[in-house]
Structure formats: structure tokens, C-alpha cells
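Below is one structure, written out as C-alpha cells; the observations come after it.
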Amino acid sequence: MRMHANMTDDARLRRARRSTKLRWLCVLMAGIAIAGADIPRVAVAAVALVAVDVVSVADGYRASKLRGTTVINNANEKIGSLDDLIIGKDRVLFAVIQVGGFLGLGSRLIAVPYSSLQISDDGRRIVLPGATKDELKGLTEFKYR
């Protein structure tokens, strides 16, 4: 006599469900194995290292030291302080300057091209030529993401 003959309908149904789950698991595992085998291999390009003049790099400005430095205009008027430096995705460097307000209250941020700044050799004096408080108010406010 077969073993399944004495099983109730409920027991047969549970056994069939387990069998179906096992089959689906096997199909899933086989699919994963096949998909893993068909992953295209990406060629790794060698990175060309460029020797730099470390002395001239060391003579540059550290962003961490420039942050918080007062920014003035040609008339020696304080227009704000350097809040941050941001490298755009196009690799262009921007200076974020906090302008307006008093002691940080009521101030706002603007972004200008880094190349428009004139920085003293010691990095303690930053000038944004031609900037007036009225012109800065007209610039679009910068917001961090």
C-alpha cells in the first residue's frame, strides 16, 4: 500500500504546497546562478599618475584655514565671510559667502566663482572686487543640499 493513500486531503495539500515552494526555490536559485554567470566583465583602465610639485601645492590655500575669513570689497568694506568652498560637478570651484545680517542673524549665502576672489599671500585677506552690499542683495541666495 502506498504511503500517500492514507493521507488526508489537507495533508496532501500541504505536501503539494511544500513541493511547489521547493520547485520555485530551485528555479530562483538556477536563475540567480545563470544571471551571475552572464555579468559582463568591465575592463579596468590604468590610472595615470601625475607627478606634482609638492612645494607649490604646500604654498596653496587650505580650505579649512580660509573658512570664516572676512571678505571685503575694493573700498575695504566688510561684505561677509567665507562660509565654504564647493567644487561643482564640472570641476569648477565656487566660494560660498555669508553676507548681510549682524552676528549671523539675518544673513544669507551667495555663491561666486572662486576665481573672482583676490586672496592675500597669507590667506588672511579676501577681496571680492566690485562687490557692494546692494549688488550682493541682488544675487540669488545659495542653499546647501
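Ligands are numbered from 1 in the order shown, residues from 1 within each chain, and chains are lettered A, B, ... in the order they appear in the C-alpha cells.
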
Non-local contacts of stretch 114-129 of chain A (6 Å; only C-alpha atoms; under 2 positions in same chain excluded) as a JSON list (two decimals) with N, CA and C atoms, in the first residue's frame:
[["chain", "number", "residue", "atom", "x", "y", "z"],
["A", 71, "VAL", "N", 35.44, 88.69, 4.18],
["A", 71, "VAL", "CA", 35.54, 89.06, 2.77],
["A", 71, "VAL", "C", 35.21, 90.55, 2.68],
["A", 72, "ILE", "N", 36.07, 91.29, 1.99],
["A", 72, "ILE", "CA", 35.88, 92.73, 1.85],
["A", 72, "ILE", "C", 35.79, 93.10, 0.37],
["A", 73, "ASN", "N", 35.39, 94.34, 0.10],
["A", 73, "ASN", "CA", 35.38, 94.81, -1.28],
["A", 73, "ASN", "C", 36.56, 95.75, -1.50],
["A", 74, "ASN", "N", 36.59, 96.41, -2.69],
["A", 74, "ASN", "CA", 37.71, 97.30, -3.01],
["A", 74, "ASN", "C", 37.81, 98.48, -2.07],
["A", 93, "LEU", "N", 35.48, 75.57, -9.21],
["A", 93, "LEU", "CA", 35.48, 75.86, -7.78],
["A", 93, "LEU", "C", 34.67, 77.14, -7.51],
["A", 94, "PHE", "N", 33.80, 77.06, -6.49],
["A", 94, "PHE", "CA", 32.97, 78.19, -6.09],
["A", 94, "PHE", "C", 33.22, 78.53, -4.63],
["A", 95, "ALA", "N", 33.09, 79.81, -4.31],
["A", 95, "ALA", "CA", 33.18, 80.26, -2.93],
["A", 95, "ALA", "C", 31.77, 80.60, -2.46],
["A", 131, "ALA", "N", 32.29, 94.39, -5.48],
["A", 131, "ALA", "CA", 31.09, 93.96, -4.75],
["A", 131, "ALA", "C", 30.64, 95.07, -3.80]]

message: I need the helix (DSSP H, G or I) residues of stretch 1-143 of chain A per DSSP on the backbone, written as a PyMOL selection string.
response: chain A and resi 3-6+9-37+54-58+63-66+114-116+133-137

Keeping only C-alpha atoms, write the selected residues to a file as a PDB file, in the first residue's frame.
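Saved result, again.pdb, follows:
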ATOM      1  CA  MET A   3       2.218   5.808   1.814  1.00  0.00           C
ATOM      2  CA  HIS A   4       0.175   8.634   0.279  1.00  0.00           C
ATOM      3  CA  ALA A   5      -3.051   6.629   0.226  1.00  0.00           C
ATOM      4  CA  ASN A   6      -3.616   7.071   3.956  1.00  0.00           C
ATOM      5  CA  ASP A   9      -6.765  15.779   1.731  1.00  0.00           C
ATOM      6  CA  ASP A  10      -5.406  18.522   3.984  1.00  0.00           C
ATOM      7  CA  ALA A  11      -2.074  16.729   4.391  1.00  0.00           C
ATOM      8  CA  ARG A  12      -1.817  16.177   0.621  1.00  0.00           C
ATOM      9  CA  LEU A  13      -2.452  19.869   0.019  1.00  0.00           C
ATOM     10  CA  ARG A  14       0.292  20.874   2.496  1.00  0.00           C
ATOM     11  CA  ARG A  15       2.707  18.456   0.869  1.00  0.00           C
ATOM     12  CA  ALA A  16       1.876  19.790  -2.612  1.00  0.00           C
ATOM     13  CA  ARG A  17       2.438  23.376  -1.440  1.00  0.00           C
ATOM     14  CA  ARG A  18       5.823  22.457   0.066  1.00  0.00           C
ATOM     15  CA  SER A  19       6.765  20.711  -3.166  1.00  0.00           C
ATOM     16  CA  THR A  20       5.731  23.750  -5.221  1.00  0.00           C
ATOM     17  CA  LYS A  21       7.704  26.099  -2.961  1.00  0.00           C
ATOM     18  CA  LEU A  22      10.756  23.862  -3.308  1.00  0.00           C
ATOM     19  CA  ARG A  23      10.442  23.850  -7.106  1.00  0.00           C
ATOM     20  CA  TRP A  24      10.175  27.669  -7.201  1.00  0.00           C
ATOM     21  CA  LEU A  25      13.166  27.977  -4.921  1.00  0.00           C
ATOM     22  CA  CYS A  26      15.187  25.746  -7.258  1.00  0.00           C
ATOM     23  CA  VAL A  27      14.097  27.800 -10.287  1.00  0.00           C
ATOM     24  CA  LEU A  28      15.034  31.016  -8.476  1.00  0.00           C
ATOM     25  CA  MET A  29      18.456  29.684  -7.475  1.00  0.00           C
ATOM     26  CA  ALA A  30      19.111  28.470 -11.023  1.00  0.00           C
ATOM     27  CA  GLY A  31      18.112  31.893 -12.388  1.00  0.00           C
ATOM     28  CA  ILE A  32      20.476  33.629  -9.999  1.00  0.00           C
ATOM     29  CA  ALA A  33      23.310  31.311 -10.981  1.00  0.00           C
ATOM     30  CA  ILE A  34      22.673  31.904 -14.693  1.00  0.00           C
ATOM     31  CA  ALA A  35      22.369  35.663 -14.253  1.00  0.00           C
ATOM     32  CA  GLY A  36      25.590  35.748 -12.251  1.00  0.00           C
ATOM     33  CA  ALA A  37      27.400  33.885 -14.995  1.00  0.00           C
ATOM     34  CA  VAL A  54      54.626  69.355  -3.744  1.00  0.00           C
ATOM     35  CA  VAL A  55      56.313  72.612  -2.738  1.00  0.00           C
ATOM     36  CA  SER A  56      53.898  74.687  -4.830  1.00  0.00           C
ATOM     37  CA  VAL A  57      50.964  72.630  -3.546  1.00  0.00           C
ATOM     38  CA  ALA A  58      52.079  73.265   0.041  1.00  0.00           C
ATOM     39  CA  ALA A  63      40.093  75.429   2.539  1.00  0.00           C
ATOM     40  CA  SER A  64      39.865  74.672   6.259  1.00  0.00           C
ATOM     41  CA  LYS A  65      42.020  77.733   7.017  1.00  0.00           C
ATOM     42  CA  LEU A  66      40.098  80.055   4.654  1.00  0.00           C
ATOM     43  CA  TYR A 114      36.454  81.212  -6.700  1.00  0.00           C
ATOM     44  CA  SER A 115      38.496  82.823  -9.458  1.00  0.00           C
ATOM     45  CA  SER A 116      36.756  86.159  -8.762  1.00  0.00           C
ATOM     46  CA  LYS A 133      26.172  95.407  -0.358  1.00  0.00           C
ATOM     47  CA  ASP A 134      23.386  96.420  -2.769  1.00  0.00           C
ATOM     48  CA  GLU A 135      24.786  94.241  -5.597  1.00  0.00           C
ATOM     49  CA  LEU A 136      25.107  91.277  -3.240  1.00  0.00           C
ATOM     50  CA  LYS A 137      21.461  91.640  -2.191  1.00  0.00           C
TER      51      LYS A 137
END

Backbone DSSP call of strand (DSSP E or B) for chain A, listed as a VMD selection string: chain A and resid 70 to 72 78 to 87 93 to 99 102 105 108 to 113 118 to 119 126 to 127

Residues just named, written with N, CA and C atoms as an mmCIF file, in the first residue's frame:
data_model
loop_
_atom_site.group_PDB
_atom_site.id
_atom_site.type_symbol
_atom_site.label_atom_id
_atom_site.label_comp_id
_atom_site.auth_asym_id
_atom_site.auth_seq_id
_atom_site.Cartn_x
_atom_site.Cartn_y
_atom_site.Cartn_z
ATOM 1 N N THR A 70 37.074 86.959 6.811
ATOM 2 C CA THR A 70 36.285 88.116 6.378
ATOM 3 C C THR A 70 36.538 88.397 4.903
ATOM 4 N N VAL A 71 35.443 88.688 4.176
ATOM 5 C CA VAL A 71 35.535 89.063 2.768
ATOM 6 C C VAL A 71 35.208 90.548 2.685
ATOM 7 N N ILE A 72 36.075 91.293 1.993
ATOM 8 C CA ILE A 72 35.885 92.734 1.850
ATOM 9 C C ILE A 72 35.789 93.096 0.374
ATOM 10 N N LYS A 78 33.605 95.560 4.850
ATOM 11 C CA LYS A 78 33.296 94.154 5.079
ATOM 12 C C LYS A 78 31.956 93.833 4.419
ATOM 13 N N ILE A 79 31.979 92.790 3.570
ATOM 14 C CA ILE A 79 30.737 92.382 2.906
ATOM 15 C C ILE A 79 30.254 91.019 3.376
ATOM 16 N N GLY A 80 31.076 90.303 4.115
ATOM 17 C CA GLY A 80 30.664 88.998 4.615
ATOM 18 C C GLY A 80 31.849 88.172 5.049
ATOM 19 N N SER A 81 31.617 86.851 5.117
ATOM 20 C CA SER A 81 32.700 85.934 5.471
ATOM 21 C C SER A 81 32.597 84.678 4.614
ATOM 22 N N LEU A 82 33.745 84.072 4.380
ATOM 23 C CA LEU A 82 33.794 82.862 3.553
ATOM 24 C C LEU A 82 33.215 81.696 4.352
ATOM 25 N N ASP A 83 32.128 81.132 3.840
ATOM 26 C CA ASP A 83 31.457 80.043 4.529
ATOM 27 C C ASP A 83 31.999 78.687 4.096
ATOM 28 N N ASP A 84 32.278 78.535 2.809
ATOM 29 C CA ASP A 84 32.724 77.233 2.317
ATOM 30 C C ASP A 84 33.254 77.365 0.896
ATOM 31 N N LEU A 85 33.926 76.337 0.438
ATOM 32 C CA LEU A 85 34.345 76.204 -0.953
ATOM 33 C C LEU A 85 33.683 74.944 -1.496
ATOM 34 N N ILE A 86 33.112 75.052 -2.680
ATOM 35 C CA ILE A 86 32.421 73.907 -3.278
ATOM 36 C C ILE A 86 32.982 73.658 -4.668
ATOM 37 N N ILE A 87 33.246 72.405 -4.939
ATOM 38 C CA ILE A 87 33.699 72.000 -6.271
ATOM 39 C C ILE A 87 32.470 71.505 -7.024
ATOM 40 N N LEU A 93 35.484 75.566 -9.211
ATOM 41 C CA LEU A 93 35.476 75.857 -7.780
ATOM 42 C C LEU A 93 34.674 77.135 -7.506
ATOM 43 N N PHE A 94 33.802 77.061 -6.490
ATOM 44 C CA PHE A 94 32.968 78.195 -6.093
ATOM 45 C C PHE A 94 33.219 78.528 -4.634
ATOM 46 N N ALA A 95 33.086 79.810 -4.311
ATOM 47 C CA ALA A 95 33.178 80.264 -2.930
ATOM 48 C C ALA A 95 31.771 80.602 -2.461
ATOM 49 N N VAL A 96 31.393 80.080 -1.305
ATOM 50 C CA VAL A 96 30.109 80.401 -0.693
ATOM 51 C C VAL A 96 30.391 81.438 0.382
ATOM 52 N N ILE A 97 29.742 82.591 0.252
ATOM 53 C CA ILE A 97 29.992 83.706 1.158
ATOM 54 C C ILE A 97 28.716 84.032 1.924
ATOM 55 N N GLN A 98 28.861 84.194 3.219
ATOM 56 C CA GLN A 98 27.739 84.608 4.068
ATOM 57 C C GLN A 98 27.731 86.136 4.077
ATOM 58 N N VAL A 99 26.620 86.734 3.619
ATOM 59 C CA VAL A 99 26.533 88.193 3.517
ATOM 60 C C VAL A 99 25.339 88.709 4.305
ATOM 61 N N PHE A 102 23.678 90.593 11.017
ATOM 62 C CA PHE A 102 24.540 91.045 12.100
ATOM 63 C C PHE A 102 24.771 89.866 13.021
ATOM 64 N N LEU A 105 22.806 86.720 12.265
ATOM 65 C CA LEU A 105 21.345 86.811 12.222
ATOM 66 C C LEU A 105 20.926 87.625 11.006
ATOM 67 N N ARG A 108 22.499 85.733 4.709
ATOM 68 C CA ARG A 108 22.169 84.731 3.696
ATOM 69 C C ARG A 108 23.448 84.351 2.971
ATOM 70 N N LEU A 109 23.368 83.280 2.209
ATOM 71 C CA LEU A 109 24.535 82.768 1.496
ATOM 72 C C LEU A 109 24.427 83.094 0.017
ATOM 73 N N ILE A 110 25.566 83.407 -0.582
ATOM 74 C CA ILE A 110 25.661 83.570 -2.028
ATOM 75 C C ILE A 110 26.841 82.730 -2.515
ATOM 76 N N ALA A 111 26.847 82.426 -3.792
ATOM 77 C CA ALA A 111 27.968 81.681 -4.379
ATOM 78 C C ALA A 111 28.569 82.512 -5.502
ATOM 79 N N VAL A 112 29.895 82.577 -5.501
ATOM 80 C CA VAL A 112 30.617 83.299 -6.556
ATOM 81 C C VAL A 112 31.745 82.392 -7.046
ATOM 82 N N PRO A 113 32.185 82.582 -8.286
ATOM 83 C CA PRO A 113 33.332 81.793 -8.751
ATOM 84 C C PRO A 113 34.561 82.086 -7.892
ATOM 85 N N GLN A 118 40.249 87.676 -4.690
ATOM 86 C CA GLN A 118 41.672 88.000 -4.591
ATOM 87 C C GLN A 118 42.080 87.685 -3.158
ATOM 88 N N ILE A 119 43.007 86.751 -3.014
ATOM 89 C CA ILE A 119 43.410 86.289 -1.683
ATOM 90 C C ILE A 119 44.869 86.677 -1.447
ATOM 91 N N ILE A 126 40.700 88.446 2.050
ATOM 92 C CA ILE A 126 39.994 88.030 0.838
ATOM 93 C C ILE A 126 39.193 89.217 0.328
ATOM 94 N N VAL A 127 39.425 89.566 -0.940
ATOM 95 C CA VAL A 127 38.736 90.698 -1.559
ATOM 96 C C VAL A 127 37.869 90.170 -2.700
#
